[in-house]
>>> print(open('target_34.tsv').read())   # TSV, C-alpha atoms and all ligand atoms
chain	number	residue	atom	x	y	z
A	1	MET	CA	3.74	-30.94	42.70
A	2	THR	CA	2.03	-34.21	41.78
A	3	GLY	CA	-1.00	-35.18	39.73
A	4	ARG	CA	-2.39	-37.31	42.53
A	5	TRP	CA	-5.88	-36.53	43.63
A	6	SER	CA	-6.41	-35.88	47.33
A	7	THR	CA	-9.75	-36.32	49.08
A	8	ARG	CA	-8.60	-34.28	52.04
A	9	SER	CA	-9.83	-30.74	52.15
A	10	GLY	CA	-7.47	-28.22	50.64
A	11	PRO	CA	-6.39	-27.43	47.12
A	12	SER	CA	-5.87	-30.11	44.48
A	13	ARG	CA	-2.10	-29.50	44.39
A	14	VAL	CA	-2.05	-29.31	40.64
A	15	ASP	CA	-1.37	-25.69	40.06
A	16	TYR	CA	-2.86	-25.37	36.62
A	17	ILE	CA	-3.48	-21.63	36.62
A	18	ARG	CA	0.07	-20.82	37.67
A	19	TRP	CA	1.34	-23.17	34.95
A	20	ALA	CA	-0.99	-21.63	32.34
A	21	LYS	CA	0.17	-18.11	33.19
A	22	GLU	CA	3.80	-19.11	32.96
A	23	ASN	CA	3.17	-20.87	29.66
A	24	VAL	CA	1.83	-17.88	27.76
A	25	GLY	CA	4.29	-17.44	24.90
A	26	VAL	CA	5.94	-20.83	25.43
A	27	GLY	CA	6.22	-22.74	22.14
A	28	GLU	CA	5.83	-21.35	18.67
A	29	TYR	CA	2.52	-23.21	18.30
A	30	PRO	CA	0.44	-22.99	21.50
A	31	LEU	CA	-2.09	-25.82	21.31
A	32	THR	CA	-2.82	-25.02	24.95
A	33	MET	CA	-5.60	-22.52	24.30
A	34	SER	CA	-9.22	-23.35	25.09
A	35	ALA	CA	-10.71	-19.99	24.04
A	36	VAL	CA	-11.21	-18.44	20.62
A	37	PRO	CA	-8.64	-15.80	19.63
A	38	PRO	CA	-9.52	-12.32	20.91
A	39	VAL	CA	-11.85	-10.00	19.03
A	40	ASP	CA	-10.93	-6.37	18.35
A	41	TRP	CA	-12.86	-3.17	19.11
A	42	LYS	CA	-14.38	-3.18	15.65
A	43	GLU	CA	-15.78	-6.68	15.97
A	44	VAL	CA	-17.43	-5.72	19.26
A	45	GLY	CA	-18.61	-2.43	17.76
A	46	ILE	CA	-17.00	-0.05	20.24
A	47	ASP	CA	-14.93	3.06	19.72
A	48	PRO	CA	-12.70	2.88	22.82
A	49	ARG	CA	-12.72	6.69	23.01
A	50	SER	CA	-16.41	6.45	23.89
A	51	LEU	CA	-15.74	4.56	27.13
A	52	GLU	CA	-16.56	6.42	30.32
A	53	LEU	CA	-14.22	6.25	33.29
A	54	PHE	CA	-17.12	6.58	35.68
A	55	GLU	CA	-20.30	4.58	35.52
A	56	PHE	CA	-21.88	3.09	38.60
A	57	SER	CA	-23.79	-0.14	38.91
A	58	ARG	CA	-24.70	-1.96	42.12
A	59	TYR	CA	-24.58	-5.53	40.86
A	60	GLY	CA	-23.65	-5.08	37.22
A	61	ASP	CA	-24.97	-3.14	34.29
A	62	GLU	CA	-28.79	-3.30	34.29
A	63	GLU	CA	-29.08	-3.80	30.54
A	64	LEU	CA	-26.57	-6.66	30.63
A	65	LEU	CA	-28.24	-8.30	33.62
A	66	ALA	CA	-31.67	-8.07	32.01
A	67	GLY	CA	-30.25	-9.32	28.71
A	68	ILE	CA	-28.56	-12.40	30.21
A	69	ALA	CA	-31.65	-13.28	32.22
A	70	GLY	CA	-34.20	-12.36	29.56
A	71	GLU	CA	-32.61	-14.54	26.89
A	72	TRP	CA	-33.88	-17.54	28.86
A	73	GLY	CA	-37.13	-16.03	30.14
A	74	LEU	CA	-35.73	-15.16	33.58
A	75	THR	CA	-35.52	-11.93	35.59
A	76	SER	CA	-32.33	-10.09	36.61
A	77	ASP	CA	-32.50	-11.35	40.18
A	78	HIS	CA	-31.54	-14.79	38.83
A	79	VAL	CA	-28.12	-13.48	37.72
A	80	LEU	CA	-24.94	-12.86	39.69
A	81	LEU	CA	-22.48	-10.92	37.53
A	82	GLY	CA	-19.00	-11.62	38.82
A	83	GLY	CA	-15.47	-10.45	38.04
A	84	SER	CA	-14.97	-13.67	36.00
A	85	ALA	CA	-16.60	-17.07	35.72
A	86	SER	CA	-14.25	-18.30	38.47
A	87	HIS	CA	-15.39	-15.47	40.70
A	88	ALA	CA	-19.06	-16.19	40.00
A	89	HIS	CA	-18.40	-19.84	40.88
A	90	PHE	CA	-16.78	-18.87	44.13
A	91	CYS	CA	-19.51	-16.43	45.15
A	92	CYS	CA	-22.29	-18.93	44.41
A	93	ALA	CA	-20.56	-21.84	46.14
A	94	ALA	CA	-19.52	-19.76	49.15
A	95	ALA	CA	-23.14	-18.65	49.49
A	96	LEU	CA	-24.10	-22.30	50.09
A	97	LEU	CA	-21.22	-24.03	51.83
A	98	GLU	CA	-20.13	-24.32	55.43
A	99	PRO	CA	-16.83	-25.70	56.74
A	100	GLY	CA	-16.86	-29.50	56.66
A	101	ASP	CA	-19.47	-29.71	53.88
A	102	ARG	CA	-18.86	-32.33	51.24
A	103	VAL	CA	-18.36	-31.34	47.61
A	104	LEU	CA	-18.44	-33.88	44.78
A	105	GLN	CA	-16.22	-32.94	41.86
A	106	GLU	CA	-15.87	-34.58	38.46
A	107	MET	CA	-12.55	-36.17	37.48
A	108	PRO	CA	-10.95	-35.49	35.14
A	109	GLY	CA	-12.06	-31.94	35.64
A	110	TYR	CA	-11.21	-28.27	35.77
A	111	LEU	CA	-9.64	-28.22	39.22
A	112	PRO	CA	-8.94	-24.50	39.79
A	113	LEU	CA	-12.60	-23.98	40.73
A	114	LEU	CA	-12.19	-26.51	43.48
A	115	ASP	CA	-8.93	-24.96	44.58
A	116	GLY	CA	-10.79	-21.68	45.02
A	117	LEU	CA	-13.32	-23.38	47.31
A	118	SER	CA	-10.63	-25.06	49.40
A	119	VAL	CA	-10.28	-21.92	51.51
A	120	LEU	CA	-13.79	-22.62	52.81
A	121	GLY	CA	-12.62	-25.79	54.56
A	122	VAL	CA	-14.86	-28.17	52.64
A	123	GLU	CA	-14.16	-31.85	51.99
A	124	THR	CA	-13.80	-32.74	48.33
A	125	VAL	CA	-14.78	-36.12	46.95
A	126	PRO	CA	-14.04	-37.07	43.33
A	127	PHE	CA	-16.42	-38.86	41.00
A	128	HIS	CA	-15.06	-40.31	37.79
A	129	ARG	CA	-16.08	-39.66	34.22
A	130	ARG	CA	-14.27	-42.47	32.46
A	131	PHE	CA	-12.51	-42.42	29.12
A	132	GLU	CA	-13.82	-45.97	28.48
A	133	ASP	CA	-17.41	-44.71	28.96
A	134	GLY	CA	-16.93	-41.74	26.67
A	135	TYR	CA	-16.83	-39.47	29.74
A	136	ARG	CA	-20.55	-40.03	30.36
A	137	LEU	CA	-21.88	-39.14	33.83
A	138	PRO	CA	-21.72	-42.18	36.16
A	139	VAL	CA	-25.34	-41.73	37.21
A	140	ALA	CA	-25.64	-44.75	39.53
A	141	GLU	CA	-22.39	-43.83	41.33
A	142	LEU	CA	-23.53	-40.23	41.65
A	143	ARG	CA	-26.92	-41.15	43.04
A	144	GLU	CA	-25.29	-43.42	45.59
A	145	SER	CA	-22.60	-40.93	46.63
A	146	VAL	CA	-25.10	-38.16	47.11
A	147	ARG	CA	-27.35	-40.44	49.18
A	148	ASP	CA	-24.68	-42.10	51.31
A	149	ARG	CA	-22.12	-39.35	51.77
A	150	GLN	CA	-24.36	-36.38	52.54
A	151	VAL	CA	-23.03	-34.30	49.71
A	152	ARG	CA	-23.93	-30.62	49.81
A	153	LEU	CA	-22.70	-29.61	46.37
A	154	LEU	CA	-21.96	-31.31	43.06
A	155	LEU	CA	-19.59	-29.62	40.60
A	156	LEU	CA	-19.32	-30.43	36.91
A	157	THR	CA	-18.78	-28.87	33.50
A	158	ASP	CA	-20.86	-28.93	30.31
A	159	LEU	CA	-19.15	-29.06	27.86
A	160	HIS	CA	-16.83	-31.21	29.94
A	161	ASN	CA	-13.42	-29.59	30.35
A	162	PRO	CA	-11.11	-31.28	29.36
A	163	SER	CA	-12.91	-33.70	26.99
A	164	GLY	CA	-15.44	-31.41	25.25
A	165	VAL	CA	-18.23	-33.97	25.77
A	166	ALA	CA	-21.72	-32.49	26.23
A	167	LEU	CA	-24.32	-33.66	28.71
A	168	THR	CA	-27.10	-35.64	27.04
A	169	GLU	CA	-30.73	-34.67	27.57
A	170	GLU	CA	-31.04	-37.74	29.81
A	171	GLU	CA	-28.10	-36.63	31.95
A	172	ARG	CA	-29.55	-33.13	32.22
A	173	ARG	CA	-32.83	-34.57	33.49
A	174	PHE	CA	-30.97	-36.90	35.84
A	175	LEU	CA	-29.28	-33.90	37.48
A	176	ALA	CA	-32.61	-32.11	37.93
A	177	ASP	CA	-34.13	-35.26	39.47
A	178	LEU	CA	-31.11	-35.66	41.75
A	179	CYS	CA	-31.62	-32.13	43.08
A	180	GLU	CA	-35.32	-32.77	43.56
A	181	ASP	CA	-34.86	-36.12	45.34
A	182	SER	CA	-31.83	-35.37	47.51
A	183	GLY	CA	-31.73	-31.62	48.05
A	184	VAL	CA	-28.15	-31.47	46.73
A	185	THR	CA	-27.15	-28.31	44.86
A	186	VAL	CA	-25.48	-28.62	41.45
A	187	ILE	CA	-23.17	-25.99	40.01
A	188	VAL	CA	-22.62	-26.68	36.35
A	189	ASP	CA	-19.99	-24.70	34.48
A	190	GLU	CA	-21.38	-23.98	31.00
A	191	MET	CA	-18.57	-21.74	29.75
A	192	TYR	CA	-18.20	-23.81	26.57
A	193	ARG	CA	-21.85	-24.73	26.04
A	194	PRO	CA	-22.67	-22.01	23.45
A	195	PHE	CA	-20.13	-23.62	21.08
A	196	ILE	CA	-22.84	-26.14	20.23
A	197	GLU	CA	-26.03	-25.36	18.43
A	198	PRO	CA	-28.74	-25.44	19.62
A	199	ASP	CA	-27.88	-24.11	23.05
A	200	PRO	CA	-30.47	-25.57	25.45
A	201	GLY	CA	-29.87	-22.69	27.86
A	202	PRO	CA	-28.69	-22.75	31.45
A	203	LEU	CA	-29.44	-25.98	33.28
A	204	HIS	CA	-30.89	-23.86	36.08
A	205	ARG	CA	-34.07	-23.76	34.05
A	206	LEU	CA	-34.66	-27.45	34.84
A	207	HIS	CA	-34.43	-27.04	38.61
A	208	ASP	CA	-34.05	-24.30	41.22
A	209	GLY	CA	-31.30	-26.32	42.92
A	210	ILE	CA	-29.03	-25.92	39.89
A	211	ILE	CA	-26.75	-22.94	39.29
A	212	ALA	CA	-25.25	-22.48	35.82
A	213	ILE	CA	-22.04	-20.55	35.26
A	214	ARG	CA	-21.34	-18.76	31.99
A	215	GLY	CA	-19.21	-15.87	30.74
A	216	LEU	CA	-17.55	-14.09	27.83
A	217	ASN	CA	-14.13	-15.70	28.20
A	218	LYS	CA	-14.20	-18.81	25.98
A	219	VAL	CA	-16.70	-18.33	23.18
A	220	HIS	CA	-17.01	-14.58	22.72
A	221	GLY	CA	-13.34	-13.64	22.30
A	222	LEU	CA	-13.22	-11.41	25.39
A	223	SER	CA	-11.08	-13.39	27.81
A	224	GLN	CA	-9.30	-10.37	29.24
A	225	ILE	CA	-12.17	-8.04	30.12
A	226	ARG	CA	-12.95	-10.40	33.03
A	227	VAL	CA	-16.62	-11.06	33.42
A	228	GLY	CA	-18.69	-14.16	34.17
A	229	TRP	CA	-22.03	-14.94	35.76
A	230	GLY	CA	-24.05	-17.43	37.72
A	231	ILE	CA	-27.70	-18.12	36.94
A	232	GLY	CA	-29.65	-19.53	39.86
A	233	ALA	CA	-32.59	-19.14	42.20
A	234	PRO	CA	-32.98	-15.54	43.46
A	235	ALA	CA	-32.48	-16.51	47.12
A	236	VAL	CA	-29.04	-18.06	46.37
A	237	ILE	CA	-28.10	-15.24	44.03
A	238	GLU	CA	-28.93	-12.74	46.77
A	239	ARG	CA	-26.57	-14.55	49.16
A	240	ALA	CA	-23.91	-14.78	46.45
A	241	ARG	CA	-24.18	-11.00	46.01
A	242	ARG	CA	-23.24	-10.65	49.68
A	243	VAL	CA	-20.08	-12.66	48.95
A	244	LEU	CA	-19.41	-10.43	45.95
A	245	ASP	CA	-19.81	-7.36	48.18
A	246	GLY	CA	-17.01	-8.70	50.34
A	247	THR	CA	-14.71	-9.89	47.57
A	248	THR	CA	-14.77	-7.14	44.95
A	249	ILE	CA	-17.58	-4.70	45.90
A	250	HIS	CA	-18.57	-4.32	42.25
A	251	ASN	CA	-17.17	-5.03	38.81
A	252	SER	CA	-15.11	-2.59	36.76
A	253	CYS	CA	-17.20	0.00	34.92
A	254	LEU	CA	-15.00	-0.50	31.84
A	255	THR	CA	-15.87	-4.19	31.86
A	256	ASP	CA	-19.54	-3.29	32.29
A	257	GLN	CA	-19.47	-1.11	29.19
A	258	VAL	CA	-17.64	-3.59	26.97
A	259	ALA	CA	-19.70	-6.55	28.18
A	260	ARG	CA	-22.95	-4.63	27.61
A	261	GLN	CA	-22.02	-3.94	24.01
A	262	ALA	CA	-20.68	-7.47	23.45
A	263	TRP	CA	-24.01	-8.83	24.62
A	264	ARG	CA	-25.82	-6.73	22.02
A	265	VAL	CA	-23.77	-8.41	19.27
A	266	ARG	CA	-23.45	-11.83	20.92
A	267	ASP	CA	-25.06	-13.70	18.02
A	268	ARG	CA	-22.28	-12.51	15.76
A	269	LEU	CA	-19.57	-13.41	18.28
A	270	VAL	CA	-21.02	-16.86	18.91
A	271	GLU	CA	-21.26	-17.50	15.17
A	272	ARG	CA	-17.59	-16.54	14.80
A	273	ALA	CA	-16.66	-18.98	17.58
A	274	ARG	CA	-18.63	-21.83	16.02
A	275	ARG	CA	-16.92	-21.21	12.69
A	276	ILE	CA	-13.44	-21.24	14.30
A	277	ALA	CA	-14.29	-24.41	16.21
A	278	ALA	CA	-15.69	-26.19	13.15
A	279	GLU	CA	-12.54	-25.46	11.12
A	280	GLY	CA	-10.14	-26.37	13.91
A	281	ASN	CA	-11.95	-29.54	14.95
A	282	ALA	CA	-12.08	-30.83	11.37
A	283	ILE	CA	-8.29	-30.47	11.06
A	284	LEU	CA	-7.39	-31.74	14.51
A	285	GLY	CA	-9.99	-34.54	14.42
A	286	ASP	CA	-8.60	-35.94	11.15
A	287	TRP	CA	-5.10	-35.80	12.54
A	288	LEU	CA	-5.95	-37.43	15.87
A	289	ARG	CA	-7.96	-40.25	14.27
A	290	ALA	CA	-4.92	-41.15	12.17
A	291	SER	CA	-2.54	-40.86	15.13
A	292	PRO	CA	-1.59	-43.51	17.69
A	293	LEU	CA	-3.26	-41.40	20.40
A	294	GLU	CA	-6.60	-42.72	21.69
A	295	VAL	CA	-9.54	-40.38	21.53
A	296	VAL	CA	-13.07	-39.77	22.73
A	297	GLU	CA	-14.59	-37.37	20.22
A	298	PRO	CA	-15.69	-34.07	21.75
A	299	ASP	CA	-19.17	-32.75	20.97
A	300	GLY	CA	-17.79	-29.24	20.56
A	301	GLY	CA	-15.45	-26.58	21.87
A	302	LEU	CA	-11.78	-26.19	21.01
A	303	VAL	CA	-10.03	-28.99	22.86
A	304	TRP	CA	-9.55	-32.76	22.65
A	305	PHE	CA	-8.23	-34.92	25.47
A	306	PRO	CA	-6.48	-37.94	23.96
A	307	ARG	CA	-4.92	-40.74	25.98
A	308	VAL	CA	-1.24	-41.30	25.40
A	309	PRO	CA	-0.46	-45.02	24.98
A	310	PRO	CA	2.83	-46.26	26.48
A	311	SER	CA	4.11	-46.95	22.94
A	312	VAL	CA	4.08	-43.17	22.33
A	313	ALA	CA	5.28	-41.71	25.61
A	314	GLU	CA	5.35	-42.44	29.30
A	315	ASP	CA	2.58	-39.94	30.04
A	316	GLY	CA	1.14	-36.58	29.04
A	317	ASP	CA	4.09	-34.67	30.50
A	318	ALA	CA	6.58	-36.74	28.50
A	319	LEU	CA	4.63	-36.15	25.30
A	320	ARG	CA	4.46	-32.45	26.02
A	321	THR	CA	8.24	-32.35	26.50
A	322	ALA	CA	8.73	-34.06	23.11
A	323	ALA	CA	6.25	-31.66	21.50
A	324	LEU	CA	8.02	-28.60	22.89
A	325	ARG	CA	11.22	-29.73	21.18
A	326	VAL	CA	9.46	-29.15	17.84
A	327	GLY	CA	7.90	-25.87	18.98
A	328	VAL	CA	4.45	-27.16	19.95
A	329	ASN	CA	3.00	-26.64	23.42
A	330	LEU	CA	0.38	-29.00	24.88
A	331	THR	CA	-1.31	-29.12	28.28
A	332	PRO	CA	-0.36	-32.19	30.37
A	333	GLY	CA	-3.41	-34.14	31.51
A	334	ARG	CA	-2.27	-34.24	35.13
A	335	PHE	CA	-3.61	-30.69	35.50
A	336	PHE	CA	-7.06	-32.20	35.01
A	337	GLY	CA	-6.37	-35.25	37.17
A	338	ALA	CA	-5.51	-37.60	34.25
A	339	PRO	CA	-1.71	-37.87	33.87
A	340	SER	CA	-1.81	-40.29	30.94
A	341	HIS	CA	-3.60	-37.72	28.77
A	342	VAL	CA	-2.78	-34.44	27.05
A	343	ARG	CA	-5.16	-31.63	26.16
A	344	VAL	CA	-4.75	-30.46	22.59
A	345	GLY	CA	-6.41	-27.27	21.38
A	346	CYS	CA	-7.39	-26.33	17.83
A	347	ALA	CA	-7.94	-22.57	18.11
A	348	LEU	CA	-4.95	-21.56	15.96
A	349	PRO	CA	-5.61	-20.29	12.41
A	350	PRO	CA	-5.81	-23.35	10.08
A	351	PRO	CA	-2.38	-22.91	8.40
A	352	ALA	CA	-0.64	-22.64	11.79
A	353	LEU	CA	-2.65	-25.55	13.18
A	354	ARG	CA	-1.69	-27.74	10.20
A	355	GLU	CA	1.98	-26.85	10.62
A	356	ALA	CA	1.85	-27.55	14.37
A	357	LEU	CA	0.31	-30.97	13.73
A	358	ARG	CA	2.81	-31.75	10.98
A	359	ARG	CA	5.62	-31.08	13.45
A	360	LEU	CA	3.88	-32.99	16.22
A	361	ALA	CA	3.46	-36.02	13.96
A	362	GLY	CA	7.23	-36.07	13.54
A	363	ALA	CA	7.62	-36.13	17.32
A	364	LEU	CA	5.31	-39.16	17.81
A	365	PRO	CA	6.89	-42.58	17.39
A	366	GLY	CA	5.16	-44.58	14.67
A	367	PHE	CA	3.29	-41.66	13.17
A	368	ALA	CA	4.62	-39.46	10.40
A	369	ARG	CA	2.22	-37.62	8.07
A	401	LIG	C1	-14.51	-24.80	32.75
A	401	LIG	C2	-13.91	-23.45	32.98
A	401	LIG	N1	-14.52	-22.57	33.79
A	401	LIG	C3	-13.99	-21.36	34.03
A	401	LIG	C4	-12.82	-20.97	33.44
A	401	LIG	C5	-12.26	-19.64	33.77
A	401	LIG	O1	-13.10	-18.60	33.35
A	401	LIG	P1	-12.78	-17.12	33.88
A	401	LIG	O2	-11.47	-16.75	33.29
A	401	LIG	O3	-13.91	-16.28	33.36
A	401	LIG	O4	-12.74	-17.21	35.34
A	401	LIG	C6	-12.16	-21.84	32.58
A	401	LIG	C7	-10.88	-21.44	31.95
A	401	LIG	O5	-10.10	-22.25	31.46
A	401	LIG	C8	-12.71	-23.10	32.34
A	401	LIG	O6	-12.11	-23.98	31.53
>>> encode(input="target_34.tsv", output="structure tokens")
Amino acid sequence: MTGRWSTRSGPSRVDYIRWAKENVGVGEYPLTMSAVPPVDWKEVGIDPRSLELFEFSRYGDEELLAGIAGEWGLTSDHVLLGGSASHAHFCCAAALLEPGDRVLQEMPGYLPLLDGLSVLGVETVPFHRRFEDGYRLPVAELRESVRDRQVRLLLLTDLHNPSGVALTEEERRFLADLCEDSGVTVIVDEMYRPFIEPDPGPLHRLHDGIIAIRGLNKVHGLSQIRVGWGIGAPAVIERARRVLDGTTIHNSCLTDQVARQAWRVRDRLVERARRIAAEGNAILGDWLRASPLEVVEPDGGLVWFPRVPPSVAEDGDALRTAALRVGVNLTPGRFFGAPSHVRVGCALPPPALREALRRLAGALPGFAR
């Protein structure tokens, strides 16, 4: 397994999801998490004994569908409710792509989505969001690539995973113009977007050629009920529902019931997430600014993506190995296509986060707090 990016079709060869599954419980202080800690039944407002084992919905609970769409002035036919955000991504992309189509994907980026699409036989082409540019979108490069390379689909995240940088209003408009001028489709993963206030809503609202992906995994504290959705033009959503028919038939009725109730209390859950993120980012931000690691400040979310200078460690993997020796787990940057970085999360309760960082400081040459 290497961190090298391949432009051939096929998976990225950095098996992040397998690594993440195997790393649950590794290290006393897991700074690997990108989601808020889970909520309990009480916080969602459900008595689990009230759940029904049979409830039928064709394409997801009607109240939930109408709620997700209605929040942004849309109708339910704009929403594909999938078995997770990853599943919604796959259904929407598979509804559009044909073998041999070109897909532009941000680097560093969240590569498992691309790995999912690799079974469709598409060609993947990276575009770079550079540390030196604060991970801004390379708009000129994107415009050129889309024009010259006949790109069918552009994939990116907002907030950017792994850096936590948000798209600016200018970049949002650029993407809408790009769709309008070139006919390219954009799928933007907005799983982390509600961390930041105000939430401008799904980018789909700026152009019909944009599909936005959201879910309850990262912000709402419900990572294990497995639900996510795509918001797009009804014609694409209808095709994506055909893919859903063939990949899961319909979602679990237990998920439907929990997600429906979570949506009713979403303001409370989002507020909780913003509070956790504000506390964690204040602690981690202070620590990182004083450390020898090089940072681009995230706009929000629960992760930072510092660069590891050679004076500290050979690369992100080497730093992670040193961190594990003091009980702290970090995510090597190679899983996002940037081997000289590590992803550091701040979702632990403040006392645990402070202790993790105290230990980590001891493991970094030239930095002891
Ligand atoms: C950008 C992004 N999208 C999607 C997911 C996965 O969401 P789900 O578990 O709902 O498929 C993750 C998880 O890390 C993520 O970081």
>>> residues_near_point(input="target_34.tsv", point="(-14.6, -35.8, 43.0)", cutoff="9 Å", atoms="only C-alpha atoms", output="MDAnalysis selection string")
chainID A and resid 5 7 103:109 124:128 154:155
>>> atom_distance(input="target_34.tsv", atom1="atom CA of A:Ala240", atom2="atom CA of A:Phe90")
8.5 Å
>>> atom_distance(input="target_34.tsv", atom1="atom CA of A:Phe367", atom2="atom CA of A:Val312")
9.3 Å
>>> residues_around(input="target_34.tsv", residues="stretch 286-291 of chain A", least_positions_apart="3", cutoff="8 Å", atoms="all atoms listed in the file", output="list of chain:residue names")
A:Ala282, A:Ile283, A:Glu294, A:Val295, A:Leu357, A:Ala361, A:Phe367
>>> residues_near_point(input="target_34.tsv", point="(-14.6, -20.7, 41.8)", cutoff="9 Å", atoms="only C-alpha atoms", output="short mmCIF file (atom, residue, chain, number, x, y, z; two decimals) with C-alpha atoms, in the frame of the given file")
data_model
loop_
_atom_site.label_atom_id
_atom_site.label_comp_id
_atom_site.auth_asym_id
_atom_site.auth_seq_id
_atom_site.Cartn_x
_atom_site.Cartn_y
_atom_site.Cartn_z
CA ALA A 85 -16.60 -17.07 35.72
CA SER A 86 -14.25 -18.30 38.47
CA HIS A 87 -15.39 -15.47 40.70
CA ALA A 88 -19.06 -16.19 40.00
CA HIS A 89 -18.40 -19.84 40.88
CA PHE A 90 -16.78 -18.87 44.13
CA CYS A 91 -19.51 -16.43 45.15
CA CYS A 92 -22.29 -18.93 44.41
CA ALA A 93 -20.56 -21.84 46.14
CA ALA A 94 -19.52 -19.76 49.15
CA PRO A 112 -8.94 -24.50 39.79
CA LEU A 113 -12.60 -23.98 40.73
CA LEU A 114 -12.19 -26.51 43.48
CA ASP A 115 -8.93 -24.96 44.58
CA GLY A 116 -10.79 -21.68 45.02
CA LEU A 117 -13.32 -23.38 47.31
#
>>> residues_near_ligand(input="target_34.tsv", ligand="ligand LIG 401 (chain A)", cutoff="10 Å", atoms="all atoms listed in the file", output="PyMOL selection string")
chain A and resi 16-17+20+33-35+82-90+109-113+156-162+188-193+213-218+222-229
>>> write_last_selection(input="target_34.tsv", atoms="C-alpha atoms", output="PDB file, in the frame of the given file")
ATOM      1  CA  TYR A  16      -2.860 -25.370  36.620  1.00  0.00           C
ATOM      2  CA  ILE A  17      -3.480 -21.630  36.620  1.00  0.00           C
ATOM      3  CA  ALA A  20      -0.990 -21.630  32.340  1.00  0.00           C
ATOM      4  CA  MET A  33      -5.600 -22.520  24.300  1.00  0.00           C
ATOM      5  CA  SER A  34      -9.220 -23.350  25.090  1.00  0.00           C
ATOM      6  CA  ALA A  35     -10.710 -19.990  24.040  1.00  0.00           C
ATOM      7  CA  GLY A  82     -19.000 -11.620  38.820  1.00  0.00           C
ATOM      8  CA  GLY A  83     -15.470 -10.450  38.040  1.00  0.00           C
ATOM      9  CA  SER A  84     -14.970 -13.670  36.000  1.00  0.00           C
ATOM     10  CA  ALA A  85     -16.600 -17.070  35.720  1.00  0.00           C
ATOM     11  CA  SER A  86     -14.250 -18.300  38.470  1.00  0.00           C
ATOM     12  CA  HIS A  87     -15.390 -15.470  40.700  1.00  0.00           C
ATOM     13  CA  ALA A  88     -19.060 -16.190  40.000  1.00  0.00           C
ATOM     14  CA  HIS A  89     -18.400 -19.840  40.880  1.00  0.00           C
ATOM     15  CA  PHE A  90     -16.780 -18.870  44.130  1.00  0.00           C
ATOM     16  CA  GLY A 109     -12.060 -31.940  35.640  1.00  0.00           C
ATOM     17  CA  TYR A 110     -11.210 -28.270  35.770  1.00  0.00           C
ATOM     18  CA  LEU A 111      -9.640 -28.220  39.220  1.00  0.00           C
ATOM     19  CA  PRO A 112      -8.940 -24.500  39.790  1.00  0.00           C
ATOM     20  CA  LEU A 113     -12.600 -23.980  40.730  1.00  0.00           C
ATOM     21  CA  LEU A 156     -19.320 -30.430  36.910  1.00  0.00           C
ATOM     22  CA  THR A 157     -18.780 -28.870  33.500  1.00  0.00           C
ATOM     23  CA  ASP A 158     -20.860 -28.930  30.310  1.00  0.00           C
ATOM     24  CA  LEU A 159     -19.150 -29.060  27.860  1.00  0.00           C
ATOM     25  CA  HIS A 160     -16.830 -31.210  29.940  1.00  0.00           C
ATOM     26  CA  ASN A 161     -13.420 -29.590  30.350  1.00  0.00           C
ATOM     27  CA  PRO A 162     -11.110 -31.280  29.360  1.00  0.00           C
ATOM     28  CA  VAL A 188     -22.620 -26.680  36.350  1.00  0.00           C
ATOM     29  CA  ASP A 189     -19.990 -24.700  34.480  1.00  0.00           C
ATOM     30  CA  GLU A 190     -21.380 -23.980  31.000  1.00  0.00           C
ATOM     31  CA  MET A 191     -18.570 -21.740  29.750  1.00  0.00           C
ATOM     32  CA  TYR A 192     -18.200 -23.810  26.570  1.00  0.00           C
ATOM     33  CA  ARG A 193     -21.850 -24.730  26.040  1.00  0.00           C
ATOM     34  CA  ILE A 213     -22.040 -20.550  35.260  1.00  0.00           C
ATOM     35  CA  ARG A 214     -21.340 -18.760  31.990  1.00  0.00           C
ATOM     36  CA  GLY A 215     -19.210 -15.870  30.740  1.00  0.00           C
ATOM     37  CA  LEU A 216     -17.550 -14.090  27.830  1.00  0.00           C
ATOM     38  CA  ASN A 217     -14.130 -15.700  28.200  1.00  0.00           C
ATOM     39  CA  LYS A 218     -14.200 -18.810  25.980  1.00  0.00           C
ATOM     40  CA  LEU A 222     -13.220 -11.410  25.390  1.00  0.00           C
ATOM     41  CA  SER A 223     -11.080 -13.390  27.810  1.00  0.00           C
ATOM     42  CA  GLN A 224      -9.300 -10.370  29.240  1.00  0.00           C
ATOM     43  CA  ILE A 225     -12.170  -8.040  30.120  1.00  0.00           C
ATOM     44  CA  ARG A 226     -12.950 -10.400  33.030  1.00  0.00           C
ATOM     45  CA  VAL A 227     -16.620 -11.060  33.420  1.00  0.00           C
ATOM     46  CA  GLY A 228     -18.690 -14.160  34.170  1.00  0.00           C
ATOM     47  CA  TRP A 229     -22.030 -14.940  35.760  1.00  0.00           C
TER      48      TRP A 229
END
>>> residues_around(input="target_34.tsv", residues="A:Leu203", least_positions_apart="5", cutoff="10 Å", atoms="all atoms listed in the file", output="PyMOL selection string")
chain A and resi 158+172-173+175-176+186-190+208-213+231-232
>>> closest_residue(input="target_34.tsv", among="A:Gly70, A:Gly333, A:Gly221, A:Gly285", to="A:Val44", atoms="all atoms listed in the file")
A:Gly221
>>> closest_residue(input="target_34.tsv", among="A:Leu284, A:Gly25, A:Asp40, A:Glu314", to="A:Ala356", atoms="only C-alpha atoms")
A:Leu284
>>> closest_residue(input="target_34.tsv", among="A:Arg130, A:Arg266, A:His341, A:His220", to="A:Ala313", atoms="only C-alpha atoms")
A:His341
>>> closest_residue(input="target_34.tsv", among="A:Phe174, A:Trp263, A:Tyr29, A:Phe131", to="A:Cys346", atoms="all atoms listed in the file")
A:Tyr29
>>> residues_around(input="target_34.tsv", residues="stretch 53-68 of chain A", least_positions_apart="2", cutoff="8 Å", atoms="all atoms listed in the file", output="ChimeraX atom specification")
/A:51,70-72,75-76,79-81,241,250-251,253-254,256-257,259-260,263
